[in-house]
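Peer 1: One structure is given below, represented as structure tokens, and several questions about it will come after.
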Amino acid sequence: MEIKKQTYYVAIGASAGGLEAIEKFFINMRQDADLIFIVIQHLSPNHKSLMNELLARHTKMPIHVIEDDMQTLPGNIYLIPPRKNLSIFHGKLYLEEIDQNSKLNLPIDRFFRSLAIDQEDHAIGIILSGTGTDGTLGIRAIKEKGGLLCVQSEESAKFDGMPLSSISTGLVDFILPPEEMPQALIDFIGHPHQKIAKGTPLTDDMDLLTKITLIIRDYSGIDFSYYRKNTIMRRLERRLMINQIAGISEYVELLRQSDKEKETLYREILIGVTSFFRDSEAFEVMNKLVIPNLNYEKKLIRVWLTGCSTGEEVYSIAMLIHQYMRGNQPDCELKIFATDIDRYAIEAAASGFYSDSVAADVDPNLLRIYFDKREGGYQINESIRKTIVFASHNVIKDPPFSKLDLIVCRNLFIYFKPEIQQKLLSRFYFSLKTDGYLFLGSSESLGEMEQAFKTISTKWKIYQAKQGYRSPLIKELDISPTRSPLVNAGEGLAGREGTASSVNSARMEKILMAAMKTTMPPSVILDKNDDIIHVINDVNGFLSFRSGRFSNNIYANVTKDLGAFIGNVL
């Protein structure tokens, strides 16, 4: 099979003190490097840039000051001109005038985001010396698409504001002085896996993949076997290339020996990239068709945002609902449960502090009302933070929240196997109040749960729960009308003999047990004498028991809430 050669685009962002770093980078870059270099530097609008003349002293590669609609070629360097912003589309560069009315212009962020969309995993972002936080949002976009990120080391930068802001995201692959970056890039793109045709599996050895998920589970407590195989393989592929390891067997040995690599892979798999009002049109639809139609009559709106990552989406939803309630429902209370399995993301989200770059994504009016300016960024103010509870939560294994008006679960299902998606959607349906809303990611779908929801927006995957839907959970249970061993033993539910009553009771018990196993955490049920009568799910991590028989009379001891749940299922 003839493999098409892949071209990488290297976007270099720099500001104050960046000229020297750029020169060191190109002095050490091979002249025959088959890469496209695009330099985005903060330039004075009132002075002509001499970058092309200065850079020509240190490299023989052709240098171009970018013109609108310019085609890019490998082995060339392209420089942004003054008073312009830059974007890329199908490999062509496009210029636009800087908005003179805007207080904040972030040319590095703008181009990095554009490059991530256009070139995906063939985008490489580099942040060099500079003040401020430009580039911080852009590197998130590149990381999300599987690109590579390099940042100048703090000690080698004349001004460390931009490098430190990018490093603080925890997303950076290499932190190096600029003279060492070229070799790291050459090694990365020259890795043997780059010579494999796209779509060829890294390995068909499921034992090796199982070993990797076992190592990470023992280290982190999280079982990634529920994730799509392709998701895990993409993360492994990057780790092999970054560590310059040729085979997955060798990587398993590295993983066993290195806690640092375990932590890195764990965080790579869990990587959550988001932004304020991501997909702005989707939030406009939410603001128009969903938020005004929530049920405010009970004076409490309950929202669950799962997979909340670093919190930008949580605060976006919170601001919109708070804005509406200020003008229309001033006596109503808002409670948002924001959860994620990533402990680092939860800590960042709960802090509510974001870099200056967020001003590019947040409406100035919302920025004024809901943010307090701090040194180096913005702090979400108390009026919003007090409405949100952040918590670590495994959406696959932990019980869901209940009585919800809105569930937001965007861009999380894309990582899970289809059967897990359907299980979660079923849980979401029963967690919502009558006519509650569900907001998914634009590339996600309801699948078999389509009949449970009314579509509000096809494009932006916004749905409303329908009444009377029967969960697939019931269809999958073995509830054939056979006599239960518990009934035969004379200690079953209501019936003592093989009557219709006993059959129905046995059927009810099976449904009840399946529902509790699906929705409840590890639990122990006691009778009025504090004797154990039943154990639900695995409690061995918390308790130990003597051997012996427990009572089977579980039905009489369940809570009213759980009984109501089963009634709804039926």
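Chain labels A, B, ... are given in the sequence in which chains occur in the structure tokens; within each chain residues are numbered consecutively from 1, and ligands are likewise numbered from 1 in the order shown.
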Could you name the residues that touch Ser166 (chain A) at 10 Å or less, counting only C-alpha atoms, but leaving out those on the same chain fewer than 4 positions away, as a PyMOL selection string?
Peer 2: chain A and resi 126-127+133-140+149-152+161-162+170-172+355
Peer 1: Enumerate, as an NGL selection string, the complete set of residues in region 144-296 of chain A that a backbone-based DSSP assignment places in alpha helix (DSSP H).
Peer 2: :A and (144 or 161-167 or 181-189 or 206-220 or 229-243 or 248-257 or 259-269 or 280-285)
Peer 1: Skipping near chain neighbours, those fewer than 5 positions away, what residues fall within 6 Å of region 275-287 of chain A using only C-alpha atoms, listed as a ChimeraX atom specification?
Peer 2: /A:312-313,316,361,460
Peer 1: Can you list, as number ranges by chain, every protein, DNA or RNA residue that comes within 8 Å of region 258-271 of chain A when you count only C-alpha atoms, leaving out same-chain residues fewer than 2 positions away?
Peer 2: A: 144, 215-216, 219-220, 231-232, 235-236, 239, 254-256, 273, 342
Peer 1: Write out, as a PDB file, in the first residue's frame, the residues just selected, with N, CA, C and O atoms.
Peer 2:
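In the end it all went to selection_27.pdb:
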ATOM      1  N   GLU A 144      -6.838  18.943  22.077  1.00  0.00           N
ATOM      2  CA  GLU A 144      -8.088  18.213  21.880  1.00  0.00           C
ATOM      3  C   GLU A 144      -8.084  17.438  20.579  1.00  0.00           C
ATOM      4  O   GLU A 144      -8.631  16.332  20.490  1.00  0.00           O
ATOM      5  N   ILE A 215      -2.836  -1.905  34.815  1.00  0.00           N
ATOM      6  CA  ILE A 215      -1.816  -1.092  35.484  1.00  0.00           C
ATOM      7  C   ILE A 215      -2.388   0.266  35.870  1.00  0.00           C
ATOM      8  O   ILE A 215      -2.198   0.755  36.992  1.00  0.00           O
ATOM      9  N   ILE A 216      -3.118   0.886  34.939  1.00  0.00           N
ATOM     10  CA  ILE A 216      -3.695   2.208  35.213  1.00  0.00           C
ATOM     11  C   ILE A 216      -4.812   2.116  36.243  1.00  0.00           C
ATOM     12  O   ILE A 216      -4.966   3.003  37.091  1.00  0.00           O
ATOM     13  N   TYR A 219      -3.258   1.877  39.589  1.00  0.00           N
ATOM     14  CA  TYR A 219      -2.615   3.148  39.970  1.00  0.00           C
ATOM     15  C   TYR A 219      -3.639   4.224  40.318  1.00  0.00           C
ATOM     16  O   TYR A 219      -3.493   4.944  41.318  1.00  0.00           O
ATOM     17  N   SER A 220      -4.693   4.326  39.504  1.00  0.00           N
ATOM     18  CA  SER A 220      -5.629   5.452  39.642  1.00  0.00           C
ATOM     19  C   SER A 220      -6.972   5.076  40.249  1.00  0.00           C
ATOM     20  O   SER A 220      -7.723   5.952  40.686  1.00  0.00           O
ATOM     21  N   THR A 231     -10.054   5.167  21.411  1.00  0.00           N
ATOM     22  CA  THR A 231      -9.659   6.270  22.289  1.00  0.00           C
ATOM     23  C   THR A 231      -8.373   5.927  23.018  1.00  0.00           C
ATOM     24  O   THR A 231      -7.429   6.735  23.072  1.00  0.00           O
ATOM     25  N   ILE A 232      -8.311   4.723  23.583  1.00  0.00           N
ATOM     26  CA  ILE A 232      -7.115   4.288  24.298  1.00  0.00           C
ATOM     27  C   ILE A 232      -5.930   4.198  23.344  1.00  0.00           C
ATOM     28  O   ILE A 232      -4.816   4.633  23.673  1.00  0.00           O
ATOM     29  N   ARG A 235      -4.276   7.542  22.486  1.00  0.00           N
ATOM     30  CA  ARG A 235      -3.452   8.050  23.583  1.00  0.00           C
ATOM     31  C   ARG A 235      -2.139   7.270  23.678  1.00  0.00           C
ATOM     32  O   ARG A 235      -1.077   7.855  23.899  1.00  0.00           O
ATOM     33  N   LEU A 236      -2.207   5.958  23.499  1.00  0.00           N
ATOM     34  CA  LEU A 236      -0.995   5.139  23.548  1.00  0.00           C
ATOM     35  C   LEU A 236      -0.044   5.500  22.411  1.00  0.00           C
ATOM     36  O   LEU A 236       1.174   5.566  22.595  1.00  0.00           O
ATOM     37  N   ARG A 239       1.909   8.521  23.294  1.00  0.00           N
ATOM     38  CA  ARG A 239       2.908   8.278  24.334  1.00  0.00           C
ATOM     39  C   ARG A 239       4.119   7.529  23.773  1.00  0.00           C
ATOM     40  O   ARG A 239       5.257   7.788  24.172  1.00  0.00           O
ATOM     41  N   LEU A 254       7.804   0.153  30.499  1.00  0.00           N
ATOM     42  CA  LEU A 254       8.004   1.519  30.996  1.00  0.00           C
ATOM     43  C   LEU A 254       6.894   1.894  31.969  1.00  0.00           C
ATOM     44  O   LEU A 254       7.141   2.481  33.032  1.00  0.00           O
ATOM     45  N   LEU A 255       5.673   1.536  31.612  1.00  0.00           N
ATOM     46  CA  LEU A 255       4.517   1.877  32.435  1.00  0.00           C
ATOM     47  C   LEU A 255       4.607   1.193  33.800  1.00  0.00           C
ATOM     48  O   LEU A 255       4.274   1.786  34.833  1.00  0.00           O
ATOM     49  N   ARG A 256       5.040  -0.038  33.812  1.00  0.00           N
ATOM     50  CA  ARG A 256       5.172  -0.765  35.082  1.00  0.00           C
ATOM     51  C   ARG A 256       6.196  -0.099  36.003  1.00  0.00           C
ATOM     52  O   ARG A 256       6.021  -0.051  37.220  1.00  0.00           O
ATOM     53  N   VAL A 273     -11.013  18.974  27.298  1.00  0.00           N
ATOM     54  CA  VAL A 273     -10.745  20.301  26.755  1.00  0.00           C
ATOM     55  C   VAL A 273     -12.067  21.004  26.514  1.00  0.00           C
ATOM     56  O   VAL A 273     -12.954  20.478  25.841  1.00  0.00           O
ATOM     57  N   ASP A 342     -11.918  13.157  36.903  1.00  0.00           N
ATOM     58  CA  ASP A 342     -10.549  13.679  36.977  1.00  0.00           C
ATOM     59  C   ASP A 342     -10.415  14.615  38.177  1.00  0.00           C
ATOM     60  O   ASP A 342     -10.972  15.709  38.194  1.00  0.00           O
TER      61      ASP A 342
END
Peer 1: Write out as a PyMOL selection string which residues come within 6 Å of region 7-17 of chain A when counting only C-alpha atoms, dropping same-chain ones fewer than 3 positions away.
Peer 2: chain A and resi 35-42+108+122-130+158
Peer 1: What separation in Å, quoted to one decimal, exists between CA of Asp121 (chain A) and CA of Ile242 (chain A)?
Peer 2: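 Answer for the CA of Asp121 (chain A) to CA of Ile242 (chain A) separation: 13.7 Å.
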Peer 1: Would you please work out which residue, of A:Ile222, A:Ser168, A:Ser114, A:Gly272, is nearest to Tyr354 (chain A) when using only C-alpha atoms?
Peer 2: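 Selected residue with least distance to Tyr354 (chain A): A:Ser168.
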Peer 1: Could you name the residues that touch Met61 (chain A) at 7 Å or less, counting only C-alpha atoms, but leaving out those on the same chain fewer than 5 positions away, as a list in words?
Peer 2: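 Counting only the stated atoms, we get Gln31, Gly75, Asn76 and Ile77 of chain A.
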Peer 1: Could you take the residues named above and write them with N, CA, C and O atoms, as a PDB file, in the first residue's frame?
Peer 2:
ATOM      1  N   GLN A  31      17.643  22.425   7.835  1.00  0.00           N
ATOM      2  CA  GLN A  31      17.212  23.234   6.689  1.00  0.00           C
ATOM      3  C   GLN A  31      16.310  22.459   5.732  1.00  0.00           C
ATOM      4  O   GLN A  31      15.533  23.055   4.981  1.00  0.00           O
ATOM      5  N   GLY A  75       8.836  23.248   4.167  1.00  0.00           N
ATOM      6  CA  GLY A  75      10.176  23.819   4.097  1.00  0.00           C
ATOM      7  C   GLY A  75      10.181  25.320   3.984  1.00  0.00           C
ATOM      8  O   GLY A  75      11.208  25.916   3.631  1.00  0.00           O
ATOM      9  N   ASN A  76       9.047  25.984   4.279  1.00  0.00           N
ATOM     10  CA  ASN A  76       8.952  27.431   4.201  1.00  0.00           C
ATOM     11  C   ASN A  76       8.511  28.007   5.540  1.00  0.00           C
ATOM     12  O   ASN A  76       7.856  27.326   6.346  1.00  0.00           O
ATOM     13  N   ILE A  77       8.867  29.282   5.758  1.00  0.00           N
ATOM     14  CA  ILE A  77       8.505  30.001   6.975  1.00  0.00           C
ATOM     15  C   ILE A  77       7.577  31.148   6.603  1.00  0.00           C
ATOM     16  O   ILE A  77       7.863  31.917   5.667  1.00  0.00           O
TER      17      ILE A  77
END
Peer 1: For the strand (DSSP E or B) assignment from backbone DSSP, which residues of region 361-459 of chain A qualify? Please present them as JSON, numbers by chain.
Peer 2: {"A": [371, 372, 373, 374, 377, 378, 379, 380, 388, 389, 390, 391, 392, 404, 405, 406, 407, 408, 409, 416, 432, 433, 434, 435, 436, 437, 438, 439, 440, 453, 454, 455, 456, 457]}
Peer 1: Which residues, written as a PyMOL selection string, have at least one atom at most 7 Å from region 423-439 of chain A, with only C-alpha atoms counted and residues fewer than 5 positions away on the same chain left out?
Peer 2: chain A and resi 400-410+449+461-467+471
Peer 1: How about saving the chosen residues, C-alpha atoms kept, as a PDB file, in the first residue's frame?
Peer 2:
ATOM      1  CA  PRO A 400     -26.814   9.434  39.281  1.00  0.00           C
ATOM      2  CA  PHE A 401     -28.399  12.535  40.752  1.00  0.00           C
ATOM      3  CA  SER A 402     -32.186  12.711  40.689  1.00  0.00           C
ATOM      4  CA  LYS A 403     -35.126  15.086  40.200  1.00  0.00           C
ATOM      5  CA  LEU A 404     -33.195  17.122  37.655  1.00  0.00           C
ATOM      6  CA  ASP A 405     -34.487  19.856  35.376  1.00  0.00           C
ATOM      7  CA  LEU A 406     -31.479  19.710  33.069  1.00  0.00           C
ATOM      8  CA  ILE A 407     -28.588  17.317  32.403  1.00  0.00           C
ATOM      9  CA  VAL A 408     -25.608  18.570  30.414  1.00  0.00           C
ATOM     10  CA  CYS A 409     -23.288  15.839  29.144  1.00  0.00           C
ATOM     11  CA  ARG A 410     -21.322  17.156  26.184  1.00  0.00           C
ATOM     12  CA  MET A 449     -33.028   5.903  23.543  1.00  0.00           C
ATOM     13  CA  LYS A 461     -28.394  17.692  20.259  1.00  0.00           C
ATOM     14  CA  ILE A 462     -30.798  19.248  22.740  1.00  0.00           C
ATOM     15  CA  TYR A 463     -33.667  17.020  23.878  1.00  0.00           C
ATOM     16  CA  GLN A 464     -36.652  16.942  26.238  1.00  0.00           C
ATOM     17  CA  ALA A 465     -37.759  13.833  28.115  1.00  0.00           C
ATOM     18  CA  LYS A 466     -41.078  12.252  27.096  1.00  0.00           C
ATOM     19  CA  GLN A 467     -43.475  10.777  29.601  1.00  0.00           C
ATOM     20  CA  SER A 471     -36.478   1.741  29.921  1.00  0.00           C
TER      21      SER A 471
END
Peer 1: Mind pulling up the distance from CA of Cys308 (chain A) to CA of Ser523 (chain A)?
Peer 2: 27.0 Å
Peer 1: Considering only C-alpha atoms, state which residue in the set A:Pro182, A:Leu440, A:Gly377, A:Arg238 is at the smallest distance from Leu305 (chain A).
Peer 2: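 Of A:Pro182, A:Leu440, A:Gly377, A:Arg238, the one nearest Leu305 (chain A) is A:Leu440, counting only C-alpha atoms.
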Peer 1: Kindly give the distance, in Å, that separates CA of Leu366 (chain A) and CA of Glu297 (chain A), rounded to a single decimal.
Peer 2: 25.8 Å
